[in-house]
Amino acid sequence: MPLHGQSYIAGASVKSGTEVFSAVDPQTGHTLEPVFHESSEKDVETALQAAEDSSSVFRRSSSKVRADFLEAIASEILALGDALLERAHRETGLPLDRLTGERGRTVGQLRLFAEVVREGSWCEVRIDTALPERTPLPRPDLRSVLVPLGPVVIFGASNFPLAFSVAGGDTASALAVGCPVVVKGHPAHPGTGELVAGAINRAAQAVGLPAGVFSFLQGGAHALGKALVQHPRTRAVGFTGSHRGGRALLDAANARLEPIPVFAEMSSLNPVFILPGALKERGAQIAQGLKNSLTMGVGQFCTKPGLAFVVAGEGGDVFRAELAKAIQSAPCGTMLHAGIGGAFATGLEHVLALPGVRTLARAEQSQELTSSQGRPVVLEASAETFASQPALREELFGPAGLLIEAKDRGDLQQLAEKLEGQLTATVHATEADLAGAQDLLAILERKAGRVLLNGFPTGVEVCHAMQHGGPYPASSDSRFTSVGTAALRRWVRPVCYQNFPANALPSELQNENPLGLMRLVNGQYSRDCI
Ligand code: NAP
C-alpha cells in the first residue's frame with residue numbers, strides 16, 4: 001500500500017501545510033520516501049471541529065458499536081500484514097520479531113477494551129434510591145454514571161511505534177468510552193502512523209460511526225502539539241514521551257483559560273533494591289537478570305531499570321564481577337532515531353563528568369559502531385555522591401545503568417527517600433530480608449506506581465490490575481494508569497442525576513437495569529433490577 005504523506009482529518013486525506021519532513025532509517029541514516037506534509041493551524045481547527053461534531057453521536061453509540069469498532073481496528077491493523085511491520089522496522093530500527101510482538105500487544109489491547117465495553121460495568125453506576133420518610137430530611141433519588149469527556153488529543157512515544165502510538169492504549173481507551181480522538185503523529189515514524197490511521201478510518205466506516213471520531217495530524221513542530229492542547233474543543237490530553245515534552249504540554253494546558261487534564265506518562269529510573277540475603281544467595285543470577293532488563297530493546301523502555309542499590313557485604317563482589325562481565329559482552333544496538341542516540345551520548349558524557357562517578361563496565365565496541373548505536377554501560381558511585389548529585393536521579397534513556405552501594409539498610413532507606421516519583425520500584429529479597437524491609441517497602445509504595453518482588457520491571461502486562469503511572473515526574477497524575485483497562489478512567493467524569501423519572505434516565509441508571517450492569521445500589525453490588 002503506497003504512502004501518501006498526508007494527514008487524515010475525519011476520514012479524508014489532507015495536505016494543507018507548506019512545510020514537509022521525512023522519516024530517516026536509523027540503521028543507515030538514509031531518508032525514507034515519501035515526504036510528509038506538516039499539518040497547519042487550519043487542520044487543527046478542522047480536526048477538532050469534526051471531533052466535536054461527532055461527539056454527541058459517539059457518546060450515545062451503543063456498547064456493541066464501540067466494541068465492534070475496536071475489534072475492527074484490530075482486524076484492519078492485522079490486514080496491513082508485513083507492510084506495516086516492515087515500515088515500522090525501517091523507521092525505528094526495531095527488529096521485526098519485536099515489532100510482531102508489539103503488534104500482537106496492540107491488537108490484544110484493542111480486543112480487551114472491546115470486552116470491557118461489551119460487559120459495560122466500567123461506567124461505575126451508583127444508585128441511592130430516595131428515602132422520602134427519612135427524618136429530619138428526606139433523601140432524594142441519586143444516580144451517578146461515568147460519561148465521556150469529549151474530544152481527546154493523543155501524543156505517542158517513539159519507542160513503541162504501535163502499542164503507544166496511533167492505535168495504542170491511549171487511543172483504544174478513549175475510543176472505548178466514546179471520546180473522539182485526534183492523534184498528533186510522532187515525526188520519527190510517520191509512515192507507520194499513516195498506515196495505522198488508515199486502518200482506524202476503515203474501521204470507523206465499517207461500523208457506521210461518523211468519520212470525525214478519529215483524525216491523525218502529521219507534524220514535527222512543537223507548535224502543532226501546543227496548538228492541539230490549547231484548542232478550546234480539546235477536553236483532555238494523553239501523552240507518552242519525555243519529561244521535557246510532557247511538562248511543556250502540561251504547562252500549555254494549564255495556561256488555557258479553561259485548564260484541562262493532561263495525562264502524561266514521562267520518565268522513570270525504575271530503581272532495583274538488592275537486599276543482603278538475596279545478594280548472598282543469588283547475586284550472580286540477579287546480575288544476569290539486571291543486565292538483560294537494562295539492555296533489552298537497547299535500553300529504550302520507560303521501565304528500564306536505570307538504578308540499582310546493593311548493601312555492602314557478602315556476595316557484593318560476585319554480583320559486581322558478574323554484572324561487569326555480562327555488560328562487557330552485551331550487544332550494541334541501533335537506537336530509535338538520531339535525536340535519542342545523540343541525547344544518550346550527551347547525557348552519558350554529562351554524568352561521567354560528575355565527580356565520583358566511575359565506569360564499572362562497558363560493552364565491547366563492535367567494529368561497525370555508528371553514532372546511532374547504543375553501547376551498554378554500567379556506572380557506579382558512592383551513596384554520598386548519589387545523594388549530593390541531583391543529575392544522577394534523572395532518566396538516561398538508553399542502555400545505561402548506575403550501581404550504588406549503601407552501607408546498611410538505614411542508608412538504603414535514606415537513598416530511597418531521595419528518589420523522585422517512579423513508574424516501578426523492585427526489591428530482590430529472601431523471606432528473611434522481607435521481614436526486615438517493611439520501612440523500605442513503605443517508602444517505595446509512596447514513590448512508585450508498581451512495586452515488584454524478585455523480578456525485573458521491563459514487560460508491562462496489559463490487564464485489569466496493571467498500574468503504569470506513578471508520582472511526578474513518572475506521570476502527571478499518579479491516580480491513573482496508561483496501561484491496562486483502568487486506563488479508560490482518564491477519559492470520563494461522573495454525572496449525578498437527582499430525582500429523575502425512570503423514562504428520562506440514561507439506560508445505565510434505569511430500575512430495570514436493561515444493560516445487565518454490575519451496579520452499586522444502596523451500598524450493595526448487584527446486577528438485579530430495583
Ligand atoms: P518525546 O520526544 O517527548 O516525543 C513524544 C511526542 O511529544 C512527540 O509527538 C513529540 O513531537 C511531542 N513533543 C515533545 N516535546 C514537545 C514539546 N515541547 N511541545 C510539543 N510537543 C512535544 O518522546 P520520545 O523521545 O519519542 O520517547 C521517548 C521517551 O518516552 C523516553 O523518555 C521514555 O522514558 C518515555 N516513555 C515513557 C513511557 C511511560 O509510559 N512513562 C512509555 C514510553 C516512553 P515533536 O517531536 O514533533 O515535538
# chains A, B, ... in the order shown; residues from 1 in each chain; ligands from 1
>>> residues_near_ligand(ligand="ligand 1", cutoff="8 Å", atoms="only C-alpha atoms and all ligand atoms", output="PyMOL selection string")
chain A and resi 155-160+164+184-188+219-226+239-249+264-268+300-303+339-340+395-397+423+468-469+474-475+482-483
>>> residues_around(residues="A:Val183", least_positions_apart="6", cutoff="9 Å", atoms="only C-alpha atoms", output="list in words")
Val152, Val153, Ile154, Phe155, Gly156, Ser165, Val166, Ala167, Thr171, Ala197, Phe214, Ser215, Phe216, Leu217 and Gln218 of chain A
>>> write_last_selection(atoms="C-alpha atoms", output="mmCIF file, in the first residue's frame")
data_model
loop_
_atom_site.group_PDB
_atom_site.id
_atom_site.type_symbol
_atom_site.label_atom_id
_atom_site.label_comp_id
_atom_site.auth_asym_id
_atom_site.auth_seq_id
_atom_site.Cartn_x
_atom_site.Cartn_y
_atom_site.Cartn_z
ATOM 1 C CA VAL A 152 -9.129 13.898 23.364
ATOM 2 C CA VAL A 153 -5.705 14.720 21.855
ATOM 3 C CA ILE A 154 -3.134 11.912 21.953
ATOM 4 C CA PHE A 155 0.677 12.043 21.618
ATOM 5 C CA GLY A 156 2.588 8.751 21.273
ATOM 6 C CA SER A 165 1.246 5.320 19.244
ATOM 7 C CA VAL A 166 -1.667 5.955 16.829
ATOM 8 C CA ALA A 167 -3.813 2.958 17.866
ATOM 9 C CA THR A 171 -6.419 5.831 21.693
ATOM 10 C CA ALA A 197 -4.527 5.821 10.901
ATOM 11 C CA PHE A 214 -10.783 9.988 14.565
ATOM 12 C CA SER A 215 -8.202 12.274 12.952
ATOM 13 C CA PHE A 216 -4.448 11.960 12.569
ATOM 14 C CA LEU A 217 -2.226 15.002 12.099
ATOM 15 C CA GLN A 218 1.320 14.646 10.814
#
>>> closest_residue(among="A:Lys418, A:Arg282, A:Lys15, A:His337", to="A:Arg393", atoms="only C-alpha atoms")
A:Lys418
>>> residues_around(residues="stretch 203-209 of chain A", least_positions_apart="4", cutoff="12 Å", atoms="only C-alpha atoms", output="ChimeraX atom specification")
/A:10-12,51,53-62,64-77,79,167,175,178,180-181,196-199,213-215
>>> closest_residue(among="A:Ser40, A:Ala236, A:Pro132, A:Ala172", to="A:Arg493", atoms="only C-alpha atoms")
A:Ala236
>>> closest_residue(among="A:Pro232, A:Glu119, A:Ala400, A:Glu380", to="A:Leu290", atoms="only C-alpha atoms")
A:Ala400
>>> select_by_dssp(residues="stretch 178-384 of chain A", states="strand (DSSP E or B)", output="ChimeraX atom specification")
/A:181-184,214-217,236-240,262-265,272-274,307-311,333-334,358-362,373-374,377-382
>>> write_last_selection(atoms="C-alpha atoms", output="PDB file, in the first residue's frame")
ATOM      1  CA  VAL A 181      -9.580  11.150  19.250  1.00  0.00           C
ATOM      2  CA  VAL A 182      -7.160  13.435  17.407  1.00  0.00           C
ATOM      3  CA  VAL A 183      -3.677  11.904  17.266  1.00  0.00           C
ATOM      4  CA  LYS A 184      -0.570  14.030  16.800  1.00  0.00           C
ATOM      5  CA  PHE A 214     -10.783   9.988  14.565  1.00  0.00           C
ATOM      6  CA  SER A 215      -8.202  12.274  12.952  1.00  0.00           C
ATOM      7  CA  PHE A 216      -4.448  11.960  12.569  1.00  0.00           C
ATOM      8  CA  LEU A 217      -2.226  15.002  12.099  1.00  0.00           C
ATOM      9  CA  ALA A 236      -8.190  16.111  27.697  1.00  0.00           C
ATOM     10  CA  VAL A 237      -4.701  15.100  26.562  1.00  0.00           C
ATOM     11  CA  GLY A 238      -2.861  11.774  26.629  1.00  0.00           C
ATOM     12  CA  PHE A 239       0.917  11.887  26.238  1.00  0.00           C
ATOM     13  CA  THR A 240       3.688   9.277  26.326  1.00  0.00           C
ATOM     14  CA  VAL A 262      -3.143  16.145  30.759  1.00  0.00           C
ATOM     15  CA  PHE A 263      -2.277  12.503  31.432  1.00  0.00           C
ATOM     16  CA  ALA A 264       1.429  12.478  30.668  1.00  0.00           C
ATOM     17  CA  GLU A 265       3.495   9.297  31.134  1.00  0.00           C
ATOM     18  CA  VAL A 272      16.118  -2.023  41.928  1.00  0.00           C
ATOM     19  CA  PHE A 273      16.980  -2.706  45.602  1.00  0.00           C
ATOM     20  CA  ILE A 274      19.003  -5.855  46.203  1.00  0.00           C
ATOM     21  CA  LEU A 307      19.422   2.374  39.007  1.00  0.00           C
ATOM     22  CA  ALA A 308      20.440  -0.488  41.315  1.00  0.00           C
ATOM     23  CA  PHE A 309      21.222  -0.356  45.039  1.00  0.00           C
ATOM     24  CA  VAL A 310      23.088  -3.046  46.950  1.00  0.00           C
ATOM     25  CA  VAL A 311      24.041  -3.172  50.612  1.00  0.00           C
ATOM     26  CA  GLY A 333      22.085  -1.931  19.053  1.00  0.00           C
ATOM     27  CA  THR A 334      20.578   0.701  16.798  1.00  0.00           C
ATOM     28  CA  ARG A 358      33.080   5.779  37.523  1.00  0.00           C
ATOM     29  CA  THR A 359      32.503   3.242  34.748  1.00  0.00           C
ATOM     30  CA  LEU A 360      32.073  -0.274  36.139  1.00  0.00           C
ATOM     31  CA  ALA A 361      31.835  -1.854  32.681  1.00  0.00           C
ATOM     32  CA  ARG A 362      31.066  -1.005  29.082  1.00  0.00           C
ATOM     33  CA  GLN A 373      24.294   2.602  18.047  1.00  0.00           C
ATOM     34  CA  GLY A 374      23.721   2.373  21.794  1.00  0.00           C
ATOM     35  CA  VAL A 377      27.275   0.660  30.115  1.00  0.00           C
ATOM     36  CA  VAL A 378      27.037   0.419  33.909  1.00  0.00           C
ATOM     37  CA  LEU A 379      28.371   3.247  36.055  1.00  0.00           C
ATOM     38  CA  GLU A 380      28.951   3.241  39.784  1.00  0.00           C
ATOM     39  CA  ALA A 381      29.059   5.847  42.528  1.00  0.00           C
ATOM     40  CA  SER A 382      29.043   6.007  46.315  1.00  0.00           C
TER      41      SER A 382
END
>>> residues_around(residues="A:Arg139", least_positions_apart="4", cutoff="9 Å", atoms="only C-alpha atoms", output="ChimeraX atom specification")
/A:128-135
>>> write_last_selection(atoms="C-alpha atoms", output="mmCIF file, in the first residue's frame")
data_model
loop_
_atom_site.group_PDB
_atom_site.id
_atom_site.type_symbol
_atom_site.label_atom_id
_atom_site.label_comp_id
_atom_site.auth_asym_id
_atom_site.auth_seq_id
_atom_site.Cartn_x
_atom_site.Cartn_y
_atom_site.Cartn_z
ATOM 1 C CA ASP A 128 -29.010 5.618 46.159
ATOM 2 C CA THR A 129 -32.789 5.357 45.997
ATOM 3 C CA ALA A 130 -34.973 8.018 47.599
ATOM 4 C CA LEU A 131 -35.834 7.855 51.288
ATOM 5 C CA PRO A 132 -38.936 10.104 51.414
ATOM 6 C CA GLU A 133 -39.741 9.158 55.020
ATOM 7 C CA ARG A 134 -36.261 9.892 56.392
ATOM 8 C CA THR A 135 -36.153 12.459 59.197
#
>>> residues_around(residues="A:Ser16", least_positions_apart="3", cutoff="9 Å", atoms="only C-alpha atoms", output="PyMOL selection string")
chain A and resi 6-7+37-40+42-43
>>> write_last_selection(atoms="N, CA and C atoms", output="PDB file, in the first residue's frame")
ATOM      1  N   GLN A   6       0.254  12.324   3.835  1.00  0.00           N
ATOM      2  CA  GLN A   6      -0.685  13.369   4.265  1.00  0.00           C
ATOM      3  C   GLN A   6      -1.306  13.008   5.619  1.00  0.00           C
ATOM      4  N   SER A   7      -2.006  13.999   6.177  1.00  0.00           N
ATOM      5  CA  SER A   7      -2.752  13.741   7.403  1.00  0.00           C
ATOM      6  C   SER A   7      -4.115  13.179   7.039  1.00  0.00           C
ATOM      7  N   HIS A  37       3.703  15.858   4.855  1.00  0.00           N
ATOM      8  CA  HIS A  37       3.275  17.259   4.909  1.00  0.00           C
ATOM      9  C   HIS A  37       2.901  17.635   6.334  1.00  0.00           C
ATOM     10  N   GLU A  38       3.515  18.704   6.810  1.00  0.00           N
ATOM     11  CA  GLU A  38       3.213  19.214   8.154  1.00  0.00           C
ATOM     12  C   GLU A  38       1.776  19.708   8.211  1.00  0.00           C
ATOM     13  N   SER A  39       1.075  19.407   9.281  1.00  0.00           N
ATOM     14  CA  SER A  39      -0.288  19.920   9.441  1.00  0.00           C
ATOM     15  C   SER A  39      -0.244  21.411   9.760  1.00  0.00           C
ATOM     16  N   SER A  40      -1.305  22.090   9.381  1.00  0.00           N
ATOM     17  CA  SER A  40      -1.368  23.536   9.604  1.00  0.00           C
ATOM     18  C   SER A  40      -2.341  23.837  10.748  1.00  0.00           C
ATOM     19  N   LYS A  42      -5.006  25.409  10.381  1.00  0.00           N
ATOM     20  CA  LYS A  42      -6.342  25.143   9.846  1.00  0.00           C
ATOM     21  C   LYS A  42      -6.714  23.659  10.066  1.00  0.00           C
ATOM     22  N   ASP A  43      -5.745  22.782   9.912  1.00  0.00           N
ATOM     23  CA  ASP A  43      -6.009  21.350  10.127  1.00  0.00           C
ATOM     24  C   ASP A  43      -6.409  21.071  11.579  1.00  0.00           C
TER      25      ASP A  43
END
>>> residues_around(residues="A:Arg235", least_positions_apart="3", cutoff="9 Å", atoms="only C-alpha atoms", output="PyMOL selection string")
chain A and resi 149-153+229+231-232+259-261+491
>>> residues_around(residues="A:Asp408", least_positions_apart="4", cutoff="10 Å", atoms="only C-alpha atoms", output="number ranges by chain")
A: 275-276, 310-313, 412-413
>>> closest_residue(among="A:Gly297, A:Ala284, A:Arg90, A:Cys123", to="A:Thr31", atoms="only C-alpha atoms")
A:Arg90
>>> closest_residue(among="A:Gly470, A:Gly120, A:Gly277, A:Gly93", to="A:Ala435", atoms="only C-alpha atoms")
A:Gly277
>>> atom_distance(atom1="atom CA of A:Gly410", atom2="atom CA of A:Glu431")
18.7 Å
